[in-house]
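Trainee: Structure below; questions to follow.
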Amino acid sequence: MDLISEEKMADMTAMEKIRLILDGVKEGKIMVLEKGLTPTEEAKLIEMTMTEITPEDFAGIEIESYPSSQNQKLIDRIFRKPAIRTRLTVIGPANQLKTLKKDRDLISALVSSQ
Amino acid sequence: MGFIKKVKKNFSSIFKSLFKKKIAKIGIYGPPNAGKTTLANRIIRDWTGDAMGAVSNVPHETRRARRREGVTIESNGSKVTLDIVDTPGLATKVDFHEFMAHGLEEEEAKRRAKEATEGIIEAVKWLDDLDGVILVMDATEDPFTQVNVTVIGNMEARKLPLLIAANKIDLPESSPARIRSAFPQHPLVPISALDGQNIDALYEEIADHFG
């Protein structure tokens, strides 16, 4: 399992983040991102995952993140573009990570060995 | 209708007609088997008399996005013309064994899985080219699926309108209230795309929301 800090991800481009995640997952790792991905990056990750699926070796990913939220501070809403607040995200191989239950603030998952 | 409400509605119609933009492209999104194509078929049939595509209980029956242009929906005095895009079901995994469990031969299952991955890529790409989304959720399932979270996040980030269709209310275990409490910030209409329950309320919301 790799636990990736917000600081490490902050310096990476979207494609670098996606490559890091997919390479890790294809090695069988569970990737835990402290700060998660933006919704656009999540969509890109799904797209890239689809290009790498092969029938016998890689069936895709299981990804679980909490719903993102926008900056709700009045001062920020008035004077600057609301920022999307991303949250902790867990990503793993589809055949090893299974979500049992998920709600706004709790993810319950089962991790198994291959 | 009260006087103020009437004035407000008339002003809104004049404002809309003055600043009317091009026909809005609306995508129908959701996970596989949520009922997207069933809903698309019902909308197209009700307003044009045609159908959009085939439906089945095998996941990823729709593997290519289909677009129907110029569908005019009128409801409660509001009228909107839309281009409707029925997209393949979004997913983060595609396992050909799942198709074999539905009775497909191995080769056919692998071919379908390959087409399903291409369909998902197409659905993701369409997100960049839409003016709004009808997100179809299966009201018998947990609403916090990653597909729902990702589609909603993308629409919110782009500040585009989103309407949730809580589908399958014809099934006793359905719970639109669970979806409403999960995503209270977006309008939601409980429907059965299969038997047409509450579909007029959806048309009213579409005309109001995307007009």
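Ligands are numbered from 1 in the order shown, residues from 1 within each chain, and chains are lettered A, B, ... in the order they appear in the structure tokens.
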Excluding same-chain residues fewer than 5 positions from Glu204 (chain B), what lies within 10 Å of it counting only C-alpha atoms, as a list of chain:residue names?
Mentor: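 The filter keeps B:Ile73, B:Glu74, B:Ser75, B:Asn76, B:Gly77, B:Ser78, B:Lys79, B:Val189, B:Ile199, B:His209.
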Trainee: Show me, as a VMD selection string, every residue of chain A with an atom at most 10 Å from chain B, counting only C-alpha atoms.
Mentor: chain A and resid 38 to 56 58 to 70 82 to 84 86 93 to 95 99 101 to 104 107
Trainee: Please save C-alpha atoms of the selected residues as an mmCIF file, in the first residue's frame.
Mentor:
```cif
data_model
loop_
_atom_site.group_PDB
_atom_site.id
_atom_site.type_symbol
_atom_site.label_atom_id
_atom_site.label_comp_id
_atom_site.auth_asym_id
_atom_site.auth_seq_id
_atom_site.Cartn_x
_atom_site.Cartn_y
_atom_site.Cartn_z
ATOM 1 C CA THR A 38 -10.120 16.792 -8.919
ATOM 2 C CA PRO A 39 -13.299 15.637 -10.710
ATOM 3 C CA THR A 40 -11.596 16.336 -14.065
ATOM 4 C CA GLU A 41 -8.608 14.221 -13.054
ATOM 5 C CA GLU A 42 -10.935 11.430 -11.902
ATOM 6 C CA ALA A 43 -12.623 11.428 -15.322
ATOM 7 C CA LYS A 44 -9.219 11.350 -17.021
ATOM 8 C CA LEU A 45 -8.156 8.464 -14.763
ATOM 9 C CA ILE A 46 -11.250 6.474 -15.821
ATOM 10 C CA GLU A 47 -10.456 7.202 -19.467
ATOM 11 C CA MET A 48 -6.796 6.139 -19.123
ATOM 12 C CA THR A 49 -7.781 3.029 -17.181
ATOM 13 C CA MET A 50 -10.018 1.924 -20.049
ATOM 14 C CA THR A 51 -7.121 2.132 -22.501
ATOM 15 C CA GLU A 52 -5.048 -0.217 -20.312
ATOM 16 C CA ILE A 53 -7.595 -2.960 -19.637
ATOM 17 C CA THR A 54 -6.564 -6.348 -21.008
ATOM 18 C CA PRO A 55 -8.823 -9.406 -20.719
ATOM 19 C CA GLU A 56 -6.488 -11.694 -18.776
ATOM 20 C CA PHE A 58 -6.017 -6.065 -15.831
ATOM 21 C CA ALA A 59 -9.781 -5.588 -15.404
ATOM 22 C CA GLY A 60 -9.607 -2.000 -14.204
ATOM 23 C CA ILE A 61 -9.623 -0.154 -10.925
ATOM 24 C CA GLU A 62 -11.773 0.327 -7.902
ATOM 25 C CA ILE A 63 -11.710 3.972 -6.876
ATOM 26 C CA GLU A 64 -13.429 5.452 -3.892
ATOM 27 C CA SER A 65 -13.429 9.096 -2.978
ATOM 28 C CA TYR A 66 -15.759 11.239 -0.932
ATOM 29 C CA PRO A 67 -17.891 13.749 -2.825
ATOM 30 C CA SER A 68 -15.845 16.897 -3.420
ATOM 31 C CA SER A 69 -17.167 20.196 -2.169
ATOM 32 C CA GLN A 70 -16.717 23.833 -3.083
ATOM 33 C CA PRO A 82 -14.746 28.878 -5.710
ATOM 34 C CA ALA A 83 -12.131 26.171 -5.316
ATOM 35 C CA ILE A 84 -13.066 22.482 -5.451
ATOM 36 C CA THR A 86 -10.961 17.272 -2.923
ATOM 37 C CA PRO A 93 -6.955 -3.130 -8.624
ATOM 38 C CA ALA A 94 -10.596 -4.091 -9.279
ATOM 39 C CA ASN A 95 -9.851 -7.703 -8.374
ATOM 40 C CA THR A 99 -16.157 -1.398 -1.585
ATOM 41 C CA LYS A 101 -20.255 0.540 2.030
ATOM 42 C CA LYS A 102 -19.845 4.186 1.293
ATOM 43 C CA ASP A 103 -21.475 7.390 2.413
ATOM 44 C CA ARG A 104 -20.533 11.058 2.579
ATOM 45 C CA ILE A 107 -15.710 4.337 3.098
#
```
Trainee: Which of these residues is nearest to Gly36 (chain A), using only C-alpha atoms: A:Leu97, A:Met15, A:Met9, A:Val111?
Mentor: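 The shortest atom-to-atom distance to Gly36 (chain A) comes from A:Met9.
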Trainee: If we count only C-alpha atoms, what is near Gly24 (chain A) at a cut-off of 10 Å, once residues fewer than 6 positions away on the same chain are taken out, given as a list in words?
Mentor: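 Contacts, in chain order: Met1, Asp2, Ile18, Ile30, Met31, Ile91, Gly92 and Pro93 of chain A.
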Trainee: Quote the spacing between CA of Lys36 (chain B) and CA of Ala165 (chain B) in Å to one decimal place.
Mentor: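 Computed distance, CA of Lys36 (chain B) to CA of Ala165 (chain B), equals 9.5 Å.
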Trainee: Could you pull out all residues of region 8-169 of chain B with a DSSP call of strand (DSSP E) and give them as a VMD selection string?
Mentor: chain B and resid 24 to 29 66 to 75 78 to 86 132 to 138 162 to 167
Trainee: If we count only C-alpha atoms and set the cut-off at 7 Å, which residues sit around Ile4 (chain A), ignoring sequence neighbours fewer than 3 positions away in its own chain? Please answer as a PyMOL selection string.
Mentor: chain A and resi 8+32-34
Trainee: Which is closest to Val90 (chain A) among A:Thr13, A:Leu20, A:Asp105, A:Lys35, if we use only C-alpha atoms?
Mentor: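 Looking only at the distances to Val90 (chain A), the closest residue turns out to be A:Lys35.
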Trainee: Give me, please, the distance in Å between CA of Asp129 (chain B) and CA of Ala34 (chain B), quoted to one decimal.
Mentor: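 Interatomic distance here is 22.2 Å.
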Trainee: Quote the spacing between CA of Leu37 (chain A) and CA of Gly132 (chain B) in Å to one decimal place.
Mentor: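 Interatomic distance here is 22.2 Å.
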